Every structure is written in C-alpha cells, then in structure tokens.
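Source file: structure37.txt (compact mmCIF, C-alpha atoms and all ligand atoms)
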# COMPACT_ATOMS: atom_id res chain seq x y z
CA ASP A 1 131.47 101.55 116.36
CA ASP A 2 130.29 99.40 113.48
CA ASP A 3 126.69 100.27 114.29
CA ARG A 4 127.53 103.99 114.38
CA LYS A 5 129.19 103.73 110.96
CA ARG A 6 126.19 101.89 109.45
CA ILE A 7 123.76 104.37 110.99
CA GLY A 8 125.75 107.41 109.78
CA THR A 9 125.68 106.05 106.21
CA ALA A 10 121.93 105.45 106.41
CA PHE A 11 121.26 109.03 107.54
CA ALA A 12 123.48 110.48 104.84
CA ALA A 13 121.61 108.46 102.21
CA GLU A 14 118.18 109.45 103.45
CA ARG A 15 118.63 113.21 103.92
CA ASP A 16 116.88 115.22 101.22
CA PRO A 17 117.36 118.95 100.90
CA ALA A 18 114.89 119.18 98.00
CA ASP A 19 113.05 122.40 97.27
CA HIS A 20 109.29 122.43 96.55
CA PRO A 21 106.48 125.01 96.37
CA TYR A 22 105.38 124.42 99.98
CA LYS A 23 108.83 124.50 101.56
CA ALA A 24 108.55 126.37 104.91
CA PHE A 25 104.91 127.27 104.04
CA GLY A 26 104.01 126.60 107.70
CA LYS A 27 106.92 128.49 109.28
CA GLY A 28 105.55 130.22 112.40
CA LYS A 29 102.07 128.71 111.91
CA ASN A 30 100.54 126.27 114.41
CA LEU A 31 100.79 122.59 113.59
CA ILE A 32 97.84 120.34 114.43
CA MET A 33 98.45 116.71 113.65
CA ILE A 34 95.48 114.36 113.80
CA GLN A 35 96.05 110.63 113.98
CA VAL A 36 92.77 109.00 113.07
CA GLU A 37 92.11 105.57 114.53
CA SER A 38 91.78 102.76 111.92
CA LEU A 39 91.20 105.15 109.01
CA GLN A 40 91.78 103.72 105.52
CA SER A 41 91.75 105.73 102.31
CA PHE A 42 89.11 103.71 100.46
CA VAL A 43 86.39 105.63 102.35
CA LEU A 44 87.52 109.02 100.98
CA ASN A 45 85.46 110.59 98.19
CA GLU A 46 82.99 107.69 98.34
CA GLU A 47 79.25 107.66 98.81
CA ILE A 48 77.00 105.04 100.33
CA GLY A 49 73.20 105.16 100.50
CA GLY A 50 73.33 108.56 98.75
CA LYS A 51 75.62 110.18 101.37
CA GLU A 52 79.30 110.95 101.42
CA ILE A 53 81.11 108.79 103.99
CA THR A 54 83.70 111.49 104.78
CA PRO A 55 82.29 114.89 103.74
CA THR A 56 84.70 116.83 105.99
CA MET A 57 87.84 115.06 104.81
CA ASN A 58 86.67 115.36 101.21
CA ARG A 59 86.34 119.12 101.69
CA MET A 60 89.76 119.24 103.35
CA MET A 61 91.32 117.44 100.37
CA LYS A 62 90.36 120.38 98.14
CA HIS A 63 92.92 122.40 100.13
CA SER A 64 95.42 119.67 100.91
CA LEU A 65 98.51 118.05 99.59
CA SER A 66 97.35 114.45 99.73
CA PHE A 67 99.22 111.19 99.23
CA PRO A 68 97.18 108.35 97.68
CA HIS A 69 100.08 105.86 97.88
CA PHE A 70 100.69 106.09 101.60
CA TYR A 71 101.01 103.07 103.92
CA ALA A 72 100.79 102.29 107.61
CA GLN A 73 104.01 100.68 108.87
CA THR A 74 102.89 99.58 112.32
CA ILE A 75 103.53 96.18 113.91
CA ALA A 76 102.52 94.90 117.37
CA GLY A 77 102.41 98.38 118.92
CA ASN A 78 99.38 99.31 116.72
CA SER A 79 98.40 102.95 117.38
CA SER A 80 101.51 103.59 119.47
CA ASP A 81 103.69 102.39 116.59
CA ALA A 82 101.97 104.92 114.33
CA GLU A 83 102.71 107.73 116.78
CA PHE A 84 106.31 106.53 117.06
CA LEU A 85 106.81 106.31 113.28
CA THR A 86 105.32 109.70 112.47
CA GLN A 87 106.93 111.58 115.34
CA THR A 88 110.47 110.17 115.10
CA ALA A 89 110.92 108.79 111.54
CA LEU A 90 112.14 105.52 113.07
CA TYR A 91 110.54 102.10 112.58
CA PRO A 92 108.77 100.21 115.34
CA LEU A 93 110.52 97.34 117.12
CA LYS A 94 110.19 93.84 115.73
CA SER A 95 108.70 92.78 119.01
CA GLY A 96 106.61 94.77 121.49
CA SER A 97 105.96 98.49 121.52
CA VAL A 98 108.71 101.15 121.75
CA PHE A 99 106.30 103.08 123.99
CA PHE A 100 106.56 100.37 126.62
CA ARG A 101 110.13 99.22 126.10
CA TYR A 102 112.06 102.49 125.55
CA PRO A 103 109.93 105.39 126.83
CA SER A 104 112.84 107.26 128.43
CA ASN A 105 115.20 107.38 125.46
CA THR A 106 116.29 110.61 123.85
CA TYR A 107 114.47 110.99 120.52
CA HIS A 108 114.65 113.41 117.64
CA SER A 109 111.00 114.20 117.00
CA ILE A 110 108.63 116.76 115.53
CA GLY A 111 107.73 117.91 119.06
CA ASN A 112 111.36 118.31 120.13
CA SER A 113 112.25 120.19 116.90
CA LEU A 114 109.32 122.58 117.16
CA LYS A 115 109.92 123.11 120.88
CA LYS A 116 113.41 124.36 119.99
CA ASP A 117 111.73 126.78 117.55
CA GLY A 118 109.66 128.23 120.44
CA TYR A 119 106.44 126.23 119.99
CA SER A 120 104.32 125.08 122.91
CA THR A 121 103.42 121.40 122.61
CA LEU A 122 100.37 119.39 123.59
CA GLY A 123 99.34 115.76 123.09
CA VAL A 124 95.63 114.86 123.24
CA HIS A 125 94.16 111.42 123.65
CA ALA A 126 90.79 110.92 125.34
CA ASP A 127 91.61 107.58 126.95
CA GLU A 128 93.47 106.63 130.16
CA LYS A 129 96.76 108.50 130.36
CA THR A 130 98.66 105.23 130.84
CA PHE A 131 97.28 103.63 127.66
CA TRP A 132 100.26 102.51 125.58
CA ASN A 133 102.43 104.13 128.27
CA ARG A 134 101.84 107.50 126.67
CA HIS A 135 102.23 109.36 129.96
CA LEU A 136 105.90 108.32 129.99
CA MET A 137 106.58 108.39 126.25
CA TYR A 138 104.97 111.71 125.32
CA PRO A 139 107.45 113.83 127.31
CA SER A 140 110.29 112.03 125.48
CA LEU A 141 108.60 112.90 122.17
CA GLY A 142 108.61 116.56 123.16
CA PHE A 143 105.09 117.06 124.53
CA GLU A 144 105.12 119.42 127.50
CA ASP A 145 101.49 118.79 128.22
CA TYR A 146 99.22 115.79 127.70
CA LYS A 147 95.42 116.01 127.84
CA THR A 148 93.74 112.67 128.66
CA ILE A 149 90.31 111.35 129.69
CA GLU A 150 90.68 112.81 133.18
CA GLN A 151 90.65 116.35 131.75
CA PHE A 152 87.43 115.91 129.74
CA PRO A 153 83.89 116.44 131.12
CA GLN A 154 83.08 112.90 129.86
CA LYS A 155 79.54 113.79 128.84
CA GLU A 156 79.92 111.59 125.77
CA LEU A 157 81.49 108.20 126.47
CA VAL A 158 81.64 105.88 123.47
CA GLY A 159 83.56 102.61 123.13
CA MET A 160 87.03 102.98 124.65
CA GLY A 161 86.78 106.53 125.99
CA VAL A 162 85.45 110.01 125.31
CA GLY A 163 83.64 110.19 121.96
CA ASP A 164 85.44 112.06 119.20
CA LYS A 165 82.74 114.77 119.11
CA GLU A 166 83.33 115.74 122.74
CA MET A 167 87.08 115.23 122.33
CA PHE A 168 87.35 117.56 119.33
CA THR A 169 84.97 120.21 120.67
CA GLU A 170 86.75 120.40 124.03
CA THR A 171 90.17 120.33 122.38
CA ALA A 172 89.28 123.29 120.17
CA GLY A 173 88.64 125.22 123.40
CA THR A 174 91.98 124.10 124.84
CA LEU A 175 93.86 125.13 121.70
CA LYS A 176 92.32 128.59 121.88
CA GLU A 177 94.20 129.04 125.18
CA GLN A 178 97.41 127.33 124.05
CA PRO A 179 100.49 129.62 123.80
CA TYR A 180 101.05 130.53 120.16
CA PRO A 181 102.54 129.07 118.02
CA PHE A 182 101.65 125.57 119.15
CA TYR A 183 102.06 121.98 118.04
CA SER A 184 99.31 119.58 119.01
CA LEU A 185 99.09 115.87 118.26
CA ILE A 186 95.49 114.68 118.58
CA VAL A 187 94.79 110.95 118.58
CA THR A 188 91.17 109.98 117.86
CA LEU A 189 89.55 106.96 119.44
CA THR A 190 85.95 106.26 118.42
CA ASN A 191 86.67 104.51 115.11
CA HIS A 192 88.09 101.51 116.94
CA MET A 193 87.27 97.85 116.46
CA PRO A 194 84.53 96.53 116.88
CA TYR A 195 83.04 99.86 115.59
CA ASP A 196 80.15 99.71 118.00
CA LEU A 197 78.30 103.03 117.82
CA PRO A 198 74.98 103.84 119.57
CA ALA A 199 72.12 103.95 117.04
CA GLU A 200 71.43 107.68 117.57
CA LYS A 201 75.00 108.52 116.53
CA LYS A 202 74.77 106.68 113.19
CA SER A 203 73.99 108.90 110.22
CA LEU A 204 74.41 106.66 107.18
CA SER A 205 71.55 104.62 105.68
CA LEU A 206 73.35 101.52 104.55
CA PRO A 207 72.27 99.19 101.76
CA GLU A 208 71.17 95.72 102.82
CA GLU A 209 74.38 93.97 101.71
CA VAL A 210 76.49 96.20 104.01
CA ASN A 211 74.17 96.91 106.94
CA GLY A 212 74.97 94.94 110.10
CA THR A 213 78.37 93.74 108.81
CA LEU A 214 81.77 94.72 110.21
CA LEU A 215 82.21 96.95 107.16
CA GLY A 216 78.85 98.64 107.73
CA ASP A 217 79.70 99.33 111.37
CA TYR A 218 83.11 100.63 110.30
CA LEU A 219 81.58 103.06 107.80
CA GLN A 220 79.19 104.38 110.47
CA THR A 221 82.03 105.12 112.93
CA VAL A 222 84.20 106.62 110.18
CA ARG A 223 81.32 108.96 109.33
CA TYR A 224 80.86 109.84 113.02
CA THR A 225 84.58 110.71 113.35
CA ASP A 226 84.40 112.74 110.15
CA GLU A 227 81.47 114.73 111.60
CA ALA A 228 83.49 115.27 114.80
CA LEU A 229 86.36 116.57 112.70
CA GLY A 230 83.91 118.91 110.96
CA LEU A 231 82.89 120.38 114.34
CA PHE A 232 86.56 120.88 115.20
CA LEU A 233 87.35 122.74 111.96
CA LYS A 234 84.29 124.93 112.38
CA GLU A 235 85.38 125.84 115.89
CA LEU A 236 88.94 126.60 114.75
CA GLU A 237 87.56 128.77 111.98
CA SER A 238 85.32 130.76 114.32
CA GLU A 239 88.30 131.29 116.67
CA GLY A 240 90.38 132.53 113.72
CA LEU A 241 92.84 129.65 114.14
CA LEU A 242 92.30 127.88 110.82
CA GLU A 243 94.30 130.15 108.52
CA ASP A 244 97.21 130.18 110.96
CA SER A 245 97.41 126.43 111.34
CA VAL A 246 98.70 123.61 109.19
CA ILE A 247 96.55 120.55 109.83
CA VAL A 248 98.03 117.16 109.10
CA LEU A 249 95.76 114.13 109.10
CA TYR A 250 96.75 110.48 108.73
CA GLY A 251 95.38 107.00 109.47
CA ASP A 252 97.21 104.98 112.14
CA HIS A 253 96.61 101.50 110.72
CA ASN A 254 94.03 99.52 108.80
CA GLY A 255 90.63 98.82 110.31
CA ILE A 256 89.35 96.48 107.59
CA PHE A 257 91.95 93.86 106.75
CA GLU A 258 92.54 91.63 103.73
CA GLY A 259 90.69 88.83 105.54
CA ASP A 260 87.54 91.00 105.40
CA LYS A 261 87.99 91.83 101.70
CA SER A 262 84.86 89.87 100.76
CA LEU A 263 82.75 92.51 102.57
CA ILE A 264 84.09 95.21 100.27
CA GLU A 265 83.69 92.92 97.26
CA GLN A 266 80.04 92.45 98.19
CA TRP A 267 79.56 96.24 98.53
CA LYS A 268 81.35 97.03 95.26
CA GLY A 269 79.94 94.04 93.41
CA LYS A 270 83.35 93.03 92.03
CA SER A 271 86.26 90.87 93.07
CA ILE A 272 89.46 92.48 94.36
CA SER A 273 92.82 90.80 93.80
CA THR A 274 95.51 90.82 96.51
CA GLU A 275 97.58 93.24 94.39
CA GLU A 276 94.58 95.56 94.01
CA TRP A 277 93.91 95.28 97.74
CA TYR A 278 97.40 96.53 98.63
CA ARG A 279 97.34 99.21 95.95
CA GLU A 280 93.89 100.68 96.50
CA TYR A 281 92.34 99.48 99.74
CA ALA A 282 95.16 98.93 102.25
CA THR A 283 96.49 102.48 102.02
CA VAL A 284 95.80 105.00 104.79
CA PRO A 285 95.19 108.73 104.26
CA PHE A 286 97.91 111.34 104.69
CA MET A 287 97.04 114.95 103.95
CA ILE A 288 98.50 118.35 104.73
CA TYR A 289 95.76 120.94 104.93
CA ASN A 290 95.50 124.71 105.11
CA PRO A 291 92.84 126.93 103.48
CA GLY A 292 95.69 128.55 101.50
CA ILE A 293 96.84 125.30 99.89
CA LYS A 294 95.64 124.45 96.40
CA GLY A 295 94.57 120.79 96.54
CA LYS A 296 97.00 118.43 94.87
CA GLU A 297 97.60 114.69 94.86
CA ILE A 298 101.27 113.84 95.28
CA ASP A 299 102.32 110.76 93.36
CA ALA A 300 105.11 109.66 95.74
CA TYR A 301 105.02 106.25 97.41
CA GLY A 302 105.57 106.60 101.13
CA GLY A 303 104.68 105.55 104.63
CA GLN A 304 104.40 106.83 108.17
CA VAL A 305 108.19 106.89 108.61
CA ASP A 306 108.22 109.72 106.02
CA VAL A 307 105.85 112.01 107.92
CA TYR A 308 108.48 113.79 110.05
CA PRO A 309 110.83 114.77 107.18
CA THR A 310 107.88 115.79 104.99
CA ILE A 311 106.28 117.90 107.71
CA ALA A 312 109.63 119.34 108.81
CA SER A 313 110.07 120.59 105.27
CA VAL A 314 106.59 122.20 105.20
CA MET A 315 106.97 123.71 108.69
CA GLY A 316 110.55 124.86 108.09
CA THR A 317 111.80 123.04 111.17
CA SER A 318 114.79 120.76 111.54
CA TYR A 319 114.97 117.11 110.59
CA THR A 320 118.54 115.97 111.03
CA SER A 321 118.43 112.25 111.57
CA GLY A 322 115.78 109.67 110.93
CA LEU A 323 115.05 106.97 108.41
CA GLY A 324 112.24 108.65 106.49
CA GLU A 325 112.24 110.68 103.29
CA ASN A 326 110.68 113.98 102.31
CA LEU A 327 107.74 112.92 100.13
CA LEU A 328 107.66 116.41 98.61
CA GLY A 329 111.26 116.02 97.46
CA SER A 330 112.58 113.12 95.42
CA PRO A 331 111.96 110.05 97.56
CA SER A 332 113.26 106.63 96.54
CA GLY A 333 109.75 105.22 96.03
CA THR A 334 110.22 102.16 98.20
CA VAL A 335 107.95 101.66 101.18
CA VAL A 336 109.09 99.11 103.73
CA ILE A 337 106.21 97.31 105.42
CA PRO A 338 107.89 96.13 108.65
CA SER A 339 105.37 93.34 109.28
CA GLY A 340 106.64 91.81 106.03
CA GLY A 341 107.26 93.05 102.51
CA TYR A 342 107.53 96.31 100.66
CA VAL A 343 105.71 98.33 98.03
CA THR A 344 107.06 100.25 95.04
CA LYS A 345 105.33 101.72 92.00
CA SER A 346 105.85 98.58 89.96
CA LEU A 347 106.19 95.94 92.68
CA MET A 348 104.15 94.77 95.59
CA ILE A 349 106.06 92.04 97.37
CA GLY A 350 104.42 90.00 100.11
CA LYS A 351 106.31 88.57 103.08
CA ASP A 352 106.50 85.12 101.52
CA ARG A 353 108.69 86.63 98.80
CA MET A 354 111.32 88.57 100.82
CA LYS A 355 114.21 87.22 98.76
CA SER A 356 115.52 89.89 96.38
CA GLY A 357 118.30 92.43 97.03
CA LEU A 358 115.76 95.19 97.54
CA SER A 359 114.09 93.35 100.38
CA GLU A 360 117.50 92.78 101.98
CA LYS A 361 117.92 96.56 101.90
CA ALA A 362 114.55 96.82 103.63
CA LEU A 363 115.63 94.39 106.32
CA HIS A 364 118.88 96.33 106.77
CA THR A 365 116.91 99.56 107.33
CA LEU A 366 114.81 97.86 109.98
CA ASP A 367 117.97 96.57 111.69
CA ILE A 368 119.43 100.05 111.78
CA SER A 369 116.26 101.41 113.35
CA GLU A 370 116.31 98.63 115.95
CA SER A 371 119.97 99.45 116.81
CA LEU A 372 119.20 103.16 117.15
CA ILE A 373 116.39 102.52 119.61
CA LYS A 374 118.06 99.80 121.65
CA GLY A 375 121.34 101.76 121.87
CA ASN A 376 119.58 105.06 122.79
CA TYR A 377 121.65 106.53 119.97
CA PHE A 378 120.80 110.22 120.52
CA VAL A 379 121.37 110.24 124.27
CA ASP A 380 124.61 112.24 124.19
CA GLU A 381 123.27 115.08 122.04
C1 LIG B 401 94.01 103.36 122.70
C2 LIG B 401 94.00 103.74 121.27
C3 LIG B 401 93.77 102.58 120.38
O1 LIG B 401 94.58 104.29 123.51
O2 LIG B 401 95.10 104.47 120.91
O3 LIG B 401 94.89 101.82 120.27
P1 LIG B 401 95.01 100.55 119.32
O4 LIG B 401 94.19 99.45 119.95
O5 LIG B 401 94.50 100.88 117.93
O6 LIG B 401 96.47 100.28 119.32
Take the structure in this file and express it as structure tokens.
Amino acid sequence: DDDRKRIGTAFAAERDPADHPYKAFGKGKNLIMIQVESLQSFVLNEEIGGKEITPTMNRMMKHSLSFPHFYAQTIAGNSSDAEFLTQTALYPLKSGSVFFRYPSNTYHSIGNSLKKDGYSTLGVHADEKTFWNRHLMYPSLGFEDYKTIEQFPQKELVGMGVGDKEMFTETAGTLKEQPYPFYSLIVTLTNHMPYDLPAEKKSLSLPEEVNGTLLGDYLQTVRYTDEALGLFLKELESEGLLEDSVIVLYGDHNGIFEGDKSLIEQWKGKSISTEEWYREYATVPFMIYNPGIKGKEIDAYGGQVDVYPTIASVMGTSYTSGLGENLLGSPSGTVVIPSGGYVTKSLMIGKDRMKSGLSEKALHTLDISESLIKGNYFVDE
C-alpha cells in the first residue's frame, strides 16, 4: 500500500498536459522509431577529411525537432535498457536487464497505446530473435510482429548480424506491406563495438591522427549506418510513405566513452574537461522528423525516459503512467543518470557526489521504478 501511494504521487507529479505547436501533429500518421546502436551526438553536423560524417541525419535535422541536451540512461542492459526506457518511460533495473528478468509483465508502452488506437505494430532487429530476450519482451511491449535475422536474405552480414544497409532496404519493403497506420521500432546493429567494417564499406578518408584508432573505426561505421538510413528514407519517399510518417531517431548509449576522450582531443586538437565531456560529447541524438516539420532545436534537458511522453504528445496517443516528462512541455530540467549522477542546466554531478537533496530525489525516482517493475504494477489493468 505504501508503494502504491508513493507511485501514485510520482505519476501525479510527472504528468504534463502542456500544449505546444506539434501537439497531435502525428495523429493518424505512421510512427517509425529508429534506435541507432552506439550513436553519440558529437558526430552530427561535423566533417572529417572534407566529408560530412552524418549527411543523412544532418539533412533530417533541417526538418526535425531535435534535442541537443539528451542523455542515455542505460545501465547493465545496454541496448535493451534503451528500448525499455523509451518504450515504457520506466528506468532500467539496478541489476541485470528487465528484458531478461521481467519479460512477461504488463507494461504501459508506446506500442500498447498505439495498438489501442488501431495501429499495427512491428519490431525489427536483424540479429538472433533471442538476443536480449526480445522474442519474449517485444510482445509485452505491444509488438504483434517481430522481424529478426531469420527473415532477412542475409546477403550482407557485417559484425553481429545483417548489415544496416540490407536491414533498412528490406525493412522499407516490409513497411510498404504493413497495415496502415503502423508503428515500427527498428533497432540498428552495425555501429557496434569494436566498429569493425570491411574496407569496401568505408567511405571516409580519415586524417592520420584518427585513422586506425577506435574513434576512426567508430566514425566509419557511423557513416555507414547514416548511408543505410539514407537508403531507407529514399525508399520510403519513393513509396509515398515519408510524408505520412513521423520518424523518431535516438542513440541507445555511448560508443566512445570518457576513457577514450584523448582520441577526440587528438582529433580536435584541444583538451576536453570532464564537465565539457558530459555537456557536449556524452549526449546522444534524439530527433523527431517529418518533411512538414520546420527544424528546431529544443532547449530542454532530458533523457530516454522522456521519449514516451514526448512522442505520445506528438502522436496524440495516451501516456497515463510513467516516470518521464514531455520535453515539448515544461519539463523539470533534471536528468537522472541511473548509473550514477544527474545533469541539469547548471549542474553536472558525478556519482562520487550523490549527496544533495536533489540526488536523493533522483534515487527515490529510481526506487519507484524498481518497485513498479518488480511488483508488476500494471497487471490488473
Ligand atoms: C544486440 C544489439 C546490441 O542485439 O542490440 O546490443 P548491445 O551489445 O549494445 O547491448
């Protein structure tokens, strides 16, 4: 009973009915959400060796609401934590992955909300269907159908599974046949550590100080994934699906960590403080794209837990209970980093300094999330 009371108060505090110019903009449109493996924002709108690293995403940003102060909030469940955060607006567990530990719970999620609105739903991930237990968790998140490596021709195998170019091209064909309106969550794979890409797939000419380093390899795979995304958008456009779809893109977690900061310092020719690292390099992209959107950077500080309420507001679907905030409304501006610490506009507190009242509030939020998951809170609804 005490837990229920605490949880009820948390929901009441987090709900945000705010109005904004893109409220229900996507009502009745398809929703395509793309979770990009290991994508960090410092590669956006950047050139190396005379070429843009992410020409497709840069073009998308011109017609996107984008969030430069957006953080990954994953812990040990890595990519699966990112899917869990964005789909349910709950935080990952302190230990292990929710996908393995609680795959059969009842969850409020984007997929379940849109399904109630009459959407068909499809998850796509070109790896083994059992990876991160997705085959059991995706139905609980509202995906009626789940396309995995077995359903791809596998003409292009790179790293952990089907290369993003084959994955995106084939998926565009699948979406063409998908009952309308649809919601599809697509999880990319190729930009995965150790960023090992066959030479013929590399299109950047890297300067000497970057070439052959982890950072250089990372930039090559980021560029490859960006090109794959470009093929996907082109295909959607030629099928007439682009205008009728809202495309949401976000990074699942960092791929270059603070321990590798010296590689970026070498590339940029300047030193980067820890504060600067968390402000400008450790953020991951989050953008909401449609050709009819006038590109705008949104100043709000947020994280993956805020994706569901923000997208629910744009799609005009329900978001009744979760721990995120609508970043297009008036969010509180505090981003809890569950692996330790939090970020606000004026503060960046590392895990060695979790002492103030604000960080206690952060810990309380994480406890509530943990109780919700472990108690299967929504089971009776
Ligand atoms: C594997 C892919 C990568 O299926 O999602 O997962 P990660 O290793 O980043 O958690």
Show me which residues are within 6 Å of ligand LIG 401 (chain B) counting all atoms listed in the file, and format the list as number ranges by chain. A: 78-79, 127, 131, 189
Suppose we keep C-alpha atoms; can you now write the selection as a compact mmCIF listing (two decimals), keeping the file's coordinate frame?
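Generated output (out19.txt):
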# COMPACT_ATOMS: atom_id res chain seq x y z
CA ASN A 78 99.38 99.31 116.72
CA SER A 79 98.40 102.95 117.38
CA ASP A 127 91.61 107.58 126.95
CA PHE A 131 97.28 103.63 127.66
CA LEU A 189 89.55 106.96 119.44
Top pick for closest residue to Glu360 (chain A), considering A:Tyr342, A:Asp260, A:Ala199, A:Thr169 and counting all atoms listed in the file: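 Comparing A:Tyr342, A:Asp260, A:Ala199, A:Thr169 against Glu360 (chain A), the winner is A:Tyr342.
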When you look at region 243-257 of chain A with a cut-off of 7 Å (counting all atoms listed in the file), what residues show up, excluding the ones that are within fewer than 5 positions of it in the same chain? I need them as a PyMOL selection string. chain A and resi 26+29-40+72+74+78-79+82+282+284-291
What's the 10 Å shell around His69 (chain A), counting all atoms listed in the file, without same-chain residues fewer than 6 positions away, as a ChimeraX atom specification? /A:41,278-280,282-286,297-303,333,335,343-345
One number please: CA of Trp277 (chain A) to CA of Gly159 (chain A), in Å, one decimal.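 So the answer is 28.4 Å.
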A straight line from CA of Gly173 (chain A) to CA of Glu235 (chain A) spans 8.2 Å
When distances are computed from only C-alpha atoms, which of A:Gly111, A:Lys268, A:Asp164, A:Pro21 shows the smallest separation from Glu46 (chain A)?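 Under the stated criterion, the closest residue is A:Lys268.
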